[in-house]
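Text of input16.txt (compact mmCIF, C-alpha atoms (C1' of nucleotides)) as supplied:
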```txt
# COMPACT_ATOMS: atom_id res chain seq x y z
CA MET G 1 54.01 -100.44 6.17
CA PRO G 2 52.59 -97.18 4.91
CA THR G 3 49.65 -97.30 2.53
CA PRO G 4 50.59 -95.93 -0.91
CA GLU G 5 48.95 -92.64 -1.85
CA ARG G 6 45.96 -93.29 -4.04
CA THR G 7 45.30 -89.70 -5.02
CA SER G 8 46.66 -86.17 -4.69
CA LEU G 9 45.42 -82.68 -4.01
CA ASP G 10 45.73 -81.74 -7.67
CA VAL G 11 43.66 -84.70 -8.80
CA ILE G 12 41.04 -83.92 -6.16
CA VAL G 13 40.76 -80.27 -7.19
CA ALA G 14 40.60 -81.22 -10.87
CA ALA G 15 37.74 -83.60 -10.13
CA ALA G 16 35.91 -80.92 -8.17
CA VAL G 17 36.41 -78.44 -11.02
CA ARG G 18 34.86 -80.86 -13.47
CA LEU G 19 31.95 -81.70 -11.21
CA LEU G 20 31.29 -78.00 -10.65
CA GLU G 21 31.16 -77.13 -14.31
CA GLU G 22 28.98 -80.14 -15.07
CA GLY G 23 26.42 -79.80 -12.32
CA GLY G 24 26.92 -76.62 -10.38
CA PRO G 25 28.06 -76.28 -6.76
CA SER G 26 25.52 -78.78 -5.46
CA ALA G 27 27.13 -81.48 -7.57
CA VAL G 28 30.43 -80.99 -5.79
CA THR G 29 29.77 -83.38 -2.92
CA MET G 30 32.59 -85.02 -1.04
CA GLN G 31 31.12 -88.34 -2.07
CA ALA G 32 31.10 -87.48 -5.77
CA VAL G 33 34.64 -86.15 -5.62
CA ALA G 34 35.79 -89.27 -3.78
CA VAL G 35 34.18 -91.60 -6.30
CA THR G 36 35.70 -89.63 -9.18
CA VAL G 37 39.23 -89.93 -7.84
CA GLY G 38 38.74 -93.53 -6.72
CA VAL G 39 38.81 -93.20 -2.97
CA LYS G 40 36.37 -93.13 -0.05
CA ALA G 41 35.03 -89.81 1.14
CA PRO G 42 36.81 -89.73 4.51
CA SER G 43 40.18 -89.98 2.76
CA LEU G 44 39.66 -86.55 1.19
CA TYR G 45 40.09 -84.99 4.60
CA LYS G 46 43.78 -85.96 4.53
CA ARG G 47 44.35 -83.38 1.75
CA VAL G 48 41.62 -80.85 2.31
CA ARG G 49 40.28 -79.27 5.49
CA ASP G 50 36.61 -79.43 4.50
CA ARG G 51 34.26 -78.89 1.58
CA GLU G 52 34.48 -75.12 1.82
CA ALA G 53 38.26 -75.24 1.54
CA LEU G 54 37.91 -77.47 -1.50
CA LEU G 55 35.53 -75.02 -3.17
CA SER G 56 37.97 -72.26 -2.39
CA LEU G 57 40.68 -74.18 -4.22
CA VAL G 58 38.31 -74.63 -7.14
CA GLY G 59 37.81 -70.87 -7.14
CA ALA G 60 41.54 -70.32 -7.10
CA ASP G 61 41.86 -72.61 -10.11
CA GLY G 62 39.28 -70.48 -11.92
CA ALA G 63 41.09 -67.30 -10.94
CA ASP G 64 44.34 -68.67 -12.37
CA ASP G 65 42.63 -69.57 -15.63
CA LEU G 66 41.10 -66.12 -15.89
CA THR G 67 44.42 -64.45 -15.11
CA ALA G 68 46.16 -66.46 -17.82
CA ARG G 69 43.52 -65.47 -20.37
CA LEU G 70 43.79 -61.80 -19.45
CA GLU G 71 47.57 -61.96 -19.56
CA ALA G 72 47.33 -63.29 -23.10
CA ALA G 73 45.09 -60.44 -24.22
CA SER G 74 46.51 -57.31 -25.77
CA GLY G 75 44.67 -54.03 -25.42
CA LEU G 76 41.53 -53.12 -23.54
CA ASP G 77 39.06 -54.37 -26.12
CA ASP G 78 40.71 -57.77 -26.34
CA LEU G 79 40.88 -57.94 -22.57
CA LEU G 80 37.18 -57.33 -22.17
CA ARG G 81 36.36 -59.94 -24.78
CA ALA G 82 38.55 -62.50 -23.01
CA PHE G 83 36.83 -61.74 -19.73
CA ARG G 84 33.40 -62.49 -21.16
CA ASP G 85 34.66 -65.56 -23.00
CA PHE G 86 35.81 -66.97 -19.68
CA GLY G 87 32.35 -66.41 -18.24
CA HIS G 88 30.78 -68.25 -21.15
CA GLU G 89 33.16 -71.18 -21.13
CA ARG G 90 33.28 -71.65 -17.38
CA PRO G 91 30.07 -70.10 -16.04
CA GLU G 92 30.12 -71.92 -12.73
CA ALA G 93 33.72 -71.00 -12.06
CA PHE G 94 32.89 -67.41 -12.95
CA ARG G 95 30.05 -67.34 -10.45
CA LEU G 96 32.20 -68.95 -7.79
CA LEU G 97 34.80 -66.21 -8.13
CA PHE G 98 32.35 -63.59 -6.93
CA THR G 99 30.53 -65.77 -4.43
CA THR G 100 32.79 -67.97 -2.38
CA ALA G 101 35.79 -66.76 -0.49
CA VAL G 102 38.64 -67.36 -2.91
CA ASP G 103 42.23 -66.86 -1.88
CA ALA G 104 43.08 -63.16 -1.79
CA ASP G 105 46.37 -63.36 -3.69
CA ARG G 106 45.03 -65.53 -6.49
CA LEU G 107 42.19 -63.11 -7.14
CA ALA G 108 44.48 -60.10 -6.84
CA ALA G 109 46.71 -61.54 -9.58
CA THR G 110 43.77 -61.21 -11.93
CA SER G 111 43.86 -57.44 -11.72
CA ALA G 112 47.50 -57.12 -12.78
CA PRO G 113 46.93 -57.44 -16.54
CA VAL G 114 43.90 -55.15 -16.29
CA LEU G 115 45.92 -52.47 -14.55
CA ARG G 116 48.67 -52.81 -17.11
CA ALA G 117 46.21 -52.26 -19.94
CA THR G 118 44.49 -49.29 -18.32
CA THR G 119 47.82 -47.71 -17.41
CA SER G 120 48.95 -47.71 -21.02
CA ALA G 121 45.55 -46.43 -22.13
CA VAL G 122 44.82 -43.63 -19.67
CA GLY G 123 48.04 -43.15 -17.73
CA GLU G 124 49.13 -44.14 -14.28
CA GLU G 125 47.02 -41.62 -12.40
CA HIS G 126 43.66 -42.88 -13.61
CA ALA G 127 44.64 -46.50 -14.12
CA LEU G 128 42.99 -47.82 -10.96
CA ASP G 129 39.74 -45.92 -11.47
CA ALA G 130 39.60 -47.09 -15.06
CA ALA G 131 40.37 -50.68 -14.14
CA ARG G 132 37.59 -50.70 -11.58
CA LEU G 133 35.14 -49.13 -13.97
CA LEU G 134 35.85 -51.67 -16.67
CA THR G 135 36.01 -54.77 -14.48
CA ALA G 136 32.88 -53.76 -12.58
CA TRP G 137 31.00 -53.29 -15.84
CA ALA G 138 32.25 -56.53 -17.38
CA THR G 139 31.60 -58.47 -14.18
CA GLY G 140 28.08 -57.12 -13.94
CA PHE G 141 27.33 -57.71 -17.60
CA VAL G 142 28.40 -61.34 -17.51
CA THR G 143 26.81 -61.93 -14.10
CA MET G 144 23.47 -60.62 -15.32
CA GLU G 145 23.81 -62.47 -18.59
CA LEU G 146 24.47 -65.79 -16.82
CA ALA G 147 21.58 -65.13 -14.45
CA GLY G 148 19.29 -64.48 -17.40
CA ALA G 149 18.66 -60.97 -16.15
CA PHE G 150 18.71 -59.31 -19.58
CA ARG G 151 15.14 -59.90 -20.63
CA LEU G 152 14.40 -56.91 -22.79
CA GLY G 153 15.58 -58.45 -26.00
CA GLY G 154 18.30 -57.31 -28.32
CA ASP G 155 21.56 -58.94 -29.24
CA LEU G 156 23.77 -59.37 -26.19
CA ASP G 157 26.92 -59.66 -28.28
CA GLU G 158 26.08 -56.27 -29.72
CA ALA G 159 25.24 -54.85 -26.32
CA TYR G 160 28.60 -55.96 -24.98
CA ALA G 161 30.38 -54.51 -28.00
CA TYR G 162 28.50 -51.24 -27.50
CA GLY G 163 29.58 -51.14 -23.88
CA ARG G 164 33.20 -51.87 -24.74
CA ALA G 165 33.34 -49.16 -27.38
CA HIS G 166 31.53 -46.63 -25.23
CA LEU G 167 33.63 -47.22 -22.12
CA ILE G 168 36.99 -47.36 -23.84
CA ALA G 169 36.18 -44.23 -25.82
CA SER G 170 34.99 -42.36 -22.75
CA LEU G 171 38.10 -43.35 -20.82
CA THR G 172 40.67 -42.53 -23.47
CA ARG G 173 39.04 -39.30 -24.61
CA GLY G 174 37.01 -37.37 -22.15
CA GLN G 175 38.04 -38.27 -18.64
CA VAL G 176 35.80 -36.86 -15.96
CA GLU G 177 37.42 -33.57 -15.00
CA GLU G 178 37.47 -33.71 -11.26
CA ARG G 179 36.88 -36.40 -8.71
CA PRO G 180 33.67 -35.82 -6.81
CA ALA G 181 34.32 -34.63 -3.28
CA GLN G 182 32.15 -36.99 -1.30
CA GLY G 183 30.81 -40.50 -1.72
CA SER G 184 27.58 -42.11 -0.66
CA MET W 1 -13.06 -81.12 11.56
CA PRO W 2 -10.36 -79.25 9.59
CA THR W 3 -7.22 -78.23 11.40
CA PRO W 4 -6.91 -74.43 11.66
CA GLU W 5 -4.14 -72.88 9.58
CA ARG W 6 -1.16 -72.23 11.77
CA THR W 7 0.84 -70.21 9.29
CA SER W 8 0.70 -68.68 5.82
CA LEU W 9 2.87 -68.31 2.75
CA ASP W 10 3.65 -64.70 3.60
CA VAL W 11 4.80 -65.59 7.10
CA ILE W 12 6.94 -68.41 5.73
CA VAL W 13 8.60 -66.19 3.13
CA ALA W 14 9.20 -63.47 5.71
CA ALA W 15 10.88 -65.99 7.99
CA ALA W 16 13.05 -67.22 5.13
CA VAL W 17 14.00 -63.65 4.26
CA ARG W 18 15.12 -63.02 7.80
CA LEU W 19 17.07 -66.27 8.04
CA LEU W 20 18.78 -65.52 4.74
CA GLU W 21 19.95 -62.08 5.73
CA GLU W 22 21.13 -63.33 9.13
CA GLY W 23 23.00 -66.41 8.07
CA GLY W 24 23.20 -66.66 4.31
CA PRO W 25 21.53 -69.24 2.10
CA SER W 26 22.76 -72.19 4.14
CA ALA W 27 20.82 -70.89 7.13
CA VAL W 28 17.58 -71.14 5.20
CA THR W 29 16.81 -74.75 6.01
CA MET W 30 13.27 -76.05 5.97
CA GLN W 31 13.73 -76.96 9.62
CA ALA W 32 14.81 -73.47 10.61
CA VAL W 33 11.96 -71.88 8.68
CA ALA W 34 9.49 -74.29 10.26
CA VAL W 35 10.73 -73.58 13.77
CA THR W 36 10.59 -69.84 13.12
CA VAL W 37 6.96 -69.93 12.04
CA GLY W 38 5.99 -72.46 14.72
CA VAL W 39 5.23 -75.50 12.63
CA LYS W 40 6.90 -78.79 11.71
CA ALA W 41 8.99 -78.98 8.56
CA PRO W 42 6.66 -81.24 6.54
CA SER W 43 3.87 -78.69 6.91
CA LEU W 44 5.82 -76.20 4.81
CA TYR W 45 5.20 -78.37 1.78
CA LYS W 46 1.53 -77.47 1.91
CA ARG W 47 2.44 -73.89 0.88
CA VAL W 48 5.68 -74.29 -1.04
CA ARG W 49 6.75 -76.85 -3.60
CA ASP W 50 10.27 -77.28 -2.26
CA ARG W 51 13.23 -75.36 -0.87
CA GLU W 52 14.23 -74.01 -4.26
CA ALA W 53 10.78 -72.54 -4.80
CA LEU W 54 10.99 -70.93 -1.37
CA LEU W 55 14.34 -69.34 -2.21
CA SER W 56 12.85 -68.12 -5.45
CA LEU W 57 10.09 -66.39 -3.49
CA VAL W 58 12.72 -64.84 -1.24
CA GLY W 59 14.44 -63.55 -4.36
CA ALA W 60 11.16 -62.12 -5.62
CA ASP W 61 10.73 -60.33 -2.30
CA GLY W 62 14.17 -58.80 -2.75
CA ALA W 63 13.37 -57.80 -6.31
CA ASP W 64 10.23 -56.02 -5.13
CA ASP W 65 12.17 -54.16 -2.45
CA LEU W 66 14.78 -53.09 -4.99
CA THR W 67 12.11 -52.01 -7.46
CA ALA W 68 10.40 -49.87 -4.83
CA ARG W 69 13.68 -48.19 -3.94
CA LEU W 70 14.48 -47.46 -7.57
CA GLU W 71 10.96 -46.16 -8.16
CA ALA W 72 11.47 -43.73 -5.29
CA ALA W 73 14.71 -42.39 -6.76
CA SER W 74 14.78 -39.37 -9.02
CA GLY W 75 17.47 -39.02 -11.61
CA LEU W 76 20.30 -41.32 -12.63
CA ASP W 77 22.67 -40.41 -9.85
CA ASP W 78 20.08 -41.00 -7.17
CA LEU W 79 19.08 -44.23 -8.82
CA LEU W 80 22.61 -45.58 -8.78
CA ARG W 81 23.02 -44.63 -5.12
CA ALA W 82 19.80 -46.42 -4.22
CA PHE W 83 20.95 -49.51 -6.06
CA ARG W 84 24.16 -49.73 -4.05
CA ASP W 85 22.35 -48.92 -0.81
CA PHE W 86 20.14 -51.93 -1.39
CA GLY W 87 23.22 -54.11 -1.84
CA HIS W 88 24.65 -52.87 1.44
CA GLU W 89 21.48 -53.23 3.45
CA ARG W 90 20.45 -56.59 2.05
CA PRO W 91 23.64 -58.19 0.75
CA GLU W 92 22.30 -61.72 0.74
CA ALA W 93 19.15 -60.74 -1.09
CA PHE W 94 21.29 -58.86 -3.58
CA ARG W 95 23.42 -61.93 -4.25
CA LEU W 96 20.35 -64.11 -4.56
CA LEU W 97 18.93 -61.88 -7.29
CA PHE W 98 21.82 -62.71 -9.60
CA THR W 99 22.27 -66.30 -8.53
CA THR W 100 19.03 -68.17 -8.07
CA ALA W 101 16.28 -68.31 -10.62
CA VAL W 102 13.95 -65.53 -9.55
CA ASP W 103 10.62 -65.03 -11.21
CA ALA W 104 11.05 -63.36 -14.58
CA ASP W 105 8.35 -60.73 -14.20
CA ARG W 106 9.43 -59.63 -10.74
CA LEU W 107 12.98 -59.07 -11.93
CA ALA W 108 11.81 -57.37 -15.11
CA ALA W 109 9.85 -54.85 -13.06
CA THR W 110 13.14 -53.68 -11.61
CA SER W 111 14.28 -52.36 -14.95
CA ALA W 112 11.26 -50.12 -15.51
CA PRO W 113 12.45 -47.19 -13.35
CA VAL W 114 15.93 -47.53 -14.80
CA LEU W 115 14.61 -47.32 -18.33
CA ARG W 116 12.50 -44.33 -17.42
CA ALA W 117 15.52 -42.50 -16.05
CA THR W 118 17.76 -43.29 -19.01
CA THR W 119 15.04 -42.37 -21.46
CA SER W 120 14.74 -38.90 -20.01
CA ALA W 121 18.53 -38.58 -19.88
CA VAL W 122 19.62 -39.82 -23.31
CA GLY W 123 16.45 -40.23 -25.30
CA GLU W 124 14.40 -43.21 -26.28
CA GLU W 125 16.76 -44.55 -28.90
CA HIS W 126 19.69 -45.12 -26.56
CA ALA W 127 17.69 -45.78 -23.40
CA LEU W 128 18.11 -49.55 -23.40
CA ASP W 129 21.84 -49.46 -24.12
CA ALA W 130 22.31 -46.86 -21.41
CA ALA W 131 20.22 -48.81 -18.92
CA ARG W 132 22.24 -51.94 -19.54
CA LEU W 133 25.51 -50.09 -19.27
CA LEU W 134 24.56 -48.53 -15.96
CA THR W 135 22.95 -51.56 -14.35
CA ALA W 136 25.76 -53.84 -15.46
CA TRP W 137 28.32 -51.50 -13.95
CA ALA W 138 26.42 -51.01 -10.71
CA THR W 139 25.71 -54.73 -10.42
CA GLY W 140 29.34 -55.59 -10.97
CA PHE W 141 30.58 -52.93 -8.59
CA VAL W 142 28.38 -54.07 -5.73
CA THR W 143 28.94 -57.74 -6.50
CA MET W 144 32.70 -57.30 -6.37
CA GLU W 145 32.46 -55.12 -3.32
CA LEU W 146 30.38 -57.71 -1.45
CA ALA W 147 32.77 -60.46 -2.51
CA GLY W 148 35.72 -58.44 -1.20
CA ALA W 149 37.19 -58.35 -4.68
CA PHE W 150 38.41 -54.74 -4.50
CA ARG W 151 41.73 -55.27 -2.78
CA LEU W 152 43.85 -52.49 -4.20
CA GLY W 153 42.91 -49.94 -1.59
CA GLY W 154 41.23 -46.61 -2.08
CA ASP W 155 37.90 -45.35 -0.88
CA LEU W 156 35.09 -47.42 -2.40
CA ASP W 157 32.54 -44.66 -1.80
CA GLU W 158 34.73 -42.38 -3.88
CA ALA W 159 35.29 -45.04 -6.50
CA TYR W 160 31.54 -45.49 -6.87
CA ALA W 161 31.01 -41.74 -7.06
CA TYR W 162 33.72 -41.53 -9.71
CA GLY W 163 32.02 -44.24 -11.73
CA ARG W 164 28.62 -42.56 -11.44
CA ALA W 165 29.95 -39.20 -12.54
CA HIS W 166 32.00 -40.66 -15.36
CA LEU W 167 29.24 -42.85 -16.74
CA ILE W 168 26.46 -40.31 -16.51
CA ALA W 169 28.64 -37.66 -18.11
CA SER W 170 29.72 -39.96 -20.90
CA LEU W 171 26.13 -40.95 -21.60
CA THR W 172 24.58 -37.51 -21.58
CA ARG W 173 27.41 -35.83 -23.49
CA GLY W 174 29.41 -37.88 -25.89
CA GLN W 175 27.47 -40.88 -26.98
CA VAL W 176 29.44 -43.35 -28.98
CA GLU W 177 28.85 -42.35 -32.59
CA GLU W 178 27.99 -45.60 -34.25
CA ARG W 179 27.11 -49.03 -33.04
CA PRO W 180 29.87 -51.50 -33.79
CA ALA W 181 28.92 -53.84 -36.61
CA GLN W 182 29.68 -57.19 -35.06
CA GLY W 183 29.79 -58.60 -31.57
CA SER W 184 31.98 -61.21 -29.95
C1' DA O 1 51.23 -92.85 6.75
C1' DC O 2 47.37 -93.25 4.31
C1' DC O 3 42.93 -95.58 3.86
C1' DT O 4 38.39 -97.37 5.31
C1' DG O 5 33.93 -98.87 7.82
C1' DA O 6 31.07 -97.39 11.05
C1' DA O 7 28.86 -93.92 13.23
C1' DC O 8 26.80 -89.19 14.19
C1' DA O 9 24.25 -85.12 13.38
C1' DC O 10 21.79 -82.99 10.03
C1' DC O 11 19.65 -82.22 5.64
C1' DG O 12 15.18 -82.32 2.09
C1' DT O 13 11.24 -84.79 1.17
C1' DT O 14 7.31 -88.25 1.27
C1' DC O 15 3.37 -90.25 3.26
C1' DA O 16 0.26 -92.62 6.16
C1' DA O 17 -2.10 -91.50 10.14
C1' DG O 18 -4.13 -88.23 13.16
C1' DT O 19 -7.62 -84.26 14.27
C1' DA L 1 -8.04 -79.52 5.19
C1' DC L 2 -4.14 -78.92 7.52
C1' DC L 3 -0.76 -80.93 10.62
C1' DT L 4 2.51 -84.36 12.41
C1' DG L 5 5.60 -88.60 13.42
C1' DA L 6 8.05 -91.75 11.23
C1' DA L 7 10.81 -93.02 7.67
C1' DC L 8 14.06 -92.68 3.57
C1' DA L 9 17.94 -91.27 0.99
C1' DC L 10 21.59 -88.36 1.23
C1' DC L 11 24.72 -85.00 3.06
C1' DG L 12 29.54 -83.48 5.77
C1' DT L 13 32.55 -84.96 9.13
C1' DT L 14 34.99 -87.70 12.85
C1' DC L 15 37.52 -91.48 14.47
C1' DA L 16 38.99 -95.94 15.79
C1' DA L 17 40.75 -99.71 13.46
C1' DG L 18 43.10 -101.76 9.66
C1' DT L 19 47.43 -102.30 6.50
```

Can you dump the structure from the file as structure tokens?
Amino acid sequence: MPTPERTSLDVIVAAAVRLLEEGGPSAVTMQAVAVTVGVKAPSLYKRVRDREALLSLVGADGADDLTARLEAASGLDDLLRAFRDFGHERPEAFRLLFTTAVDADRLAATSAPVLRATTSAVGEEHALDAARLLTAWATGFVTMELAGAFRLGGDLDEAYAYGRAHLIASLTRGQVEERPAQGS
Amino acid sequence: MPTPERTSLDVIVAAAVRLLEEGGPSAVTMQAVAVTVGVKAPSLYKRVRDREALLSLVGADGADDLTARLEAASGLDDLLRAFRDFGHERPEAFRLLFTTAVDADRLAATSAPVLRATTSAVGEEHALDAARLLTAWATGFVTMELAGAFRLGGDLDEAYAYGRAHLIASLTRGQVEERPAQGS
DNA sequence: ACCTGAACACCGTTCAAGT
DNA sequence: ACCTGAACACCGTTCAAGT
């Protein structure tokens, strides 16, 4: 007679998500996840290939959350605020997104709302360049902020607002006239 | 009679640096470091508090390397190229800088050449804002690039060149007129 | 068909004992 | 004064054995 299922993949991932945000990646042990969902560690391997795969699913969960927040935003300024808010509310998930290998499609979905916003702001031709400029800046700002790398004082909320205003203005008004011929 | 010293802190850190760049953080085990320097693992604790402290020293080494490269650059464009070059040549060190707690002073030293370049480009008053805008963008760009987060095609060398040109132009010409009143 | 106990290899770290 | 063997607690993972 088959043993009844005592847990599920969703429950396991949810537990891992919570452990991550509470104690960082090192707190996401197979043991801790197992205890949280009420099962022994070896049982987890029925639903998940290994710890790395589990962390990848946690990253995908974070990517989905971020995508939903960006989808709900309207306009570039709102979008950039939502991006940083996500980093503040789920700092460990944010870090994981740019650290661990997270599923390609789930992360790609994140860029859809950004591209939509930049397209309506600067037109189709420059939408990708603009999206990359903005997401790179926002990613770097939040990454450095979470790492405590801004040590020269000043209000970070203001600094982020300055960056938003400067970048959006520079994109919508003066685009750079011609693309440079060669890269580095 | 005292046992002769069979290693030193510098040798240990250098071994850890090499292990990191060859196999990522998980390759930097106390065992592997000990074997590399020709000693048993417990001996490492005579020079280093624990593994985290060792990784922090590795991060400091990376910060020093980055600082030296930025000091050698002349002008904003050159500076931004050097920053990305560092990320390409030492990707694991780059990631460590914005992940692990690295010594405050060593990381702060990195911003000195950036501030010098922005000061001469946009003046003292906007130097800090400009430095943060540029380093945040460059950090985010390289972070995303290393994470494989740019999946929409296109030449990344060109995209980086576009960003450099756009940002430098927007800073030196049209500064944003007034600082926004409130942040987010 | 799912779960578990036992086991394995491998961590980081401590410490008494060596020289 | 530095080094080491032995030991401890804790990982991730496998697998035969239970139901």

Q: Give the residues of chain L that lie within 10 Å of chain G; count all atoms listed in the file, and format the answer as an MDAnalysis selection string.
A: chainID L and resid 11:14 19

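Contact shell of Arg173 (chain G) at 10 Å (all atoms listed in the file; same-chain neighbours under 5 positions omitted): Ala121, Val122, Leu167 and Ile168 of chain G; Gly174 of chain W.
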
Q: Kindly give the distance, in Å, that separates CA of Glu21 (chain W) and CA of Leu146 (chain W), rounded to a single decimal.
A: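 The value is 13.4 Å.
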
Q) What does the distance from CA of Glu92 (chain W) to CA of Gly24 (chain W) come to in Å, to one decimal? A) 6.2 Å

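From CA of Gly163 (chain G) back to CA of Leu76 (chain G), the distance works out to 12.1 Å.
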
As a JSON list (two decimals) with C-alpha atoms (C1' of nucleotides), in the frame of the given file, please: the residues near Glu52 (chain G) (cut-off 12 Å, all atoms listed in the file, same-chain neighbours under 5 positions excluded).
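Result went into out-v5.json, see below:
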```json
[["chain", "number", "residue", "atom", "x", "y", "z"],
["G", 16, "ALA", "CA", 35.91, -80.92, -8.17],
["G", 25, "PRO", "CA", 28.06, -76.28, -6.76],
["G", 28, "VAL", "CA", 30.43, -80.99, -5.79],
["G", 29, "THR", "CA", 29.77, -83.38, -2.92],
["G", 30, "MET", "CA", 32.59, -85.02, -1.04],
["G", 45, "TYR", "CA", 40.09, -84.99, 4.60],
["G", 57, "LEU", "CA", 40.68, -74.18, -4.22],
["G", 58, "VAL", "CA", 38.31, -74.63, -7.14],
["G", 59, "GLY", "CA", 37.81, -70.87, -7.14],
["G", 96, "LEU", "CA", 32.20, -68.95, -7.79],
["G", 99, "THR", "CA", 30.53, -65.77, -4.43],
["G", 100, "THR", "CA", 32.79, -67.97, -2.38],
["G", 101, "ALA", "CA", 35.79, -66.76, -0.49],
["G", 102, "VAL", "CA", 38.64, -67.36, -2.91],
["G", 103, "ASP", "CA", 42.23, -66.86, -1.88],
["L", 12, "DG", "C1'", 29.54, -83.48, 5.77]]
```

May I ask you to restore all heavy atoms in region 153-159 of chain W and write the result as a PDB file, in the frame of the given file?
```pdb
ATOM      1  N   GLY W 153      43.000 -51.141  -2.399  1.00  0.00           N
ATOM      2  CA  GLY W 153      42.910 -49.940  -1.590  1.00  0.00           C
ATOM      3  C   GLY W 153      42.041 -48.857  -2.198  1.00  0.00           C
ATOM      4  O   GLY W 153      41.367 -49.060  -3.198  1.00  0.00           O
ATOM      5  N   GLY W 154      42.047 -47.701  -1.583  1.00  0.00           N
ATOM      6  CA  GLY W 154      41.230 -46.610  -2.080  1.00  0.00           C
ATOM      7  C   GLY W 154      39.860 -46.625  -1.450  1.00  0.00           C
ATOM      8  O   GLY W 154      39.416 -47.643  -0.915  1.00  0.00           O
ATOM      9  N   ASP W 155      39.208 -45.501  -1.493  1.00  0.00           N
ATOM     10  CA  ASP W 155      37.900 -45.350  -0.880  1.00  0.00           C
ATOM     11  C   ASP W 155      36.830 -45.840  -1.864  1.00  0.00           C
ATOM     12  O   ASP W 155      36.696 -45.308  -2.957  1.00  0.00           O
ATOM     13  CB  ASP W 155      37.679 -43.869  -0.543  1.00  0.00           C
ATOM     14  CG  ASP W 155      36.402 -43.660   0.245  1.00  0.00           C
ATOM     15  OD1 ASP W 155      35.409 -44.364  -0.024  1.00  0.00           O
ATOM     16  OD2 ASP W 155      36.404 -42.788   1.126  1.00  0.00           O
ATOM     17  N   LEU W 156      36.079 -46.851  -1.476  1.00  0.00           N
ATOM     18  CA  LEU W 156      35.090 -47.420  -2.400  1.00  0.00           C
ATOM     19  C   LEU W 156      33.916 -46.470  -2.621  1.00  0.00           C
ATOM     20  O   LEU W 156      33.334 -46.454  -3.698  1.00  0.00           O
ATOM     21  CB  LEU W 156      34.606 -48.779  -1.896  1.00  0.00           C
ATOM     22  CG  LEU W 156      35.624 -49.909  -2.019  1.00  0.00           C
ATOM     23  CD1 LEU W 156      35.014 -51.243  -1.637  1.00  0.00           C
ATOM     24  CD2 LEU W 156      36.174 -49.980  -3.443  1.00  0.00           C
ATOM     25  N   ASP W 157      33.587 -45.667  -1.604  1.00  0.00           N
ATOM     26  CA  ASP W 157      32.540 -44.660  -1.800  1.00  0.00           C
ATOM     27  C   ASP W 157      32.950 -43.702  -2.916  1.00  0.00           C
ATOM     28  O   ASP W 157      32.162 -43.366  -3.800  1.00  0.00           O
ATOM     29  CB  ASP W 157      32.298 -43.875  -0.508  1.00  0.00           C
ATOM     30  CG  ASP W 157      31.577 -44.714   0.538  1.00  0.00           C
ATOM     31  OD1 ASP W 157      31.134 -45.825   0.208  1.00  0.00           O
ATOM     32  OD2 ASP W 157      31.471 -44.255   1.680  1.00  0.00           O
ATOM     33  N   GLU W 158      34.214 -43.290  -2.844  1.00  0.00           N
ATOM     34  CA  GLU W 158      34.730 -42.380  -3.880  1.00  0.00           C
ATOM     35  C   GLU W 158      34.785 -43.058  -5.235  1.00  0.00           C
ATOM     36  O   GLU W 158      34.461 -42.455  -6.264  1.00  0.00           O
ATOM     37  CB  GLU W 158      36.135 -41.903  -3.502  1.00  0.00           C
ATOM     38  CG  GLU W 158      36.165 -40.583  -2.783  1.00  0.00           C
ATOM     39  CD  GLU W 158      37.601 -40.112  -2.574  1.00  0.00           C
ATOM     40  OE1 GLU W 158      38.421 -40.257  -3.503  1.00  0.00           O
ATOM     41  OE2 GLU W 158      37.892 -39.617  -1.468  1.00  0.00           O
ATOM     42  N   ALA W 159      35.198 -44.315  -5.226  1.00  0.00           N
ATOM     43  CA  ALA W 159      35.290 -45.040  -6.500  1.00  0.00           C
ATOM     44  C   ALA W 159      33.907 -45.156  -7.153  1.00  0.00           C
ATOM     45  O   ALA W 159      33.777 -45.013  -8.371  1.00  0.00           O
ATOM     46  CB  ALA W 159      35.890 -46.423  -6.287  1.00  0.00           C
TER      47      ALA W 159
END
```
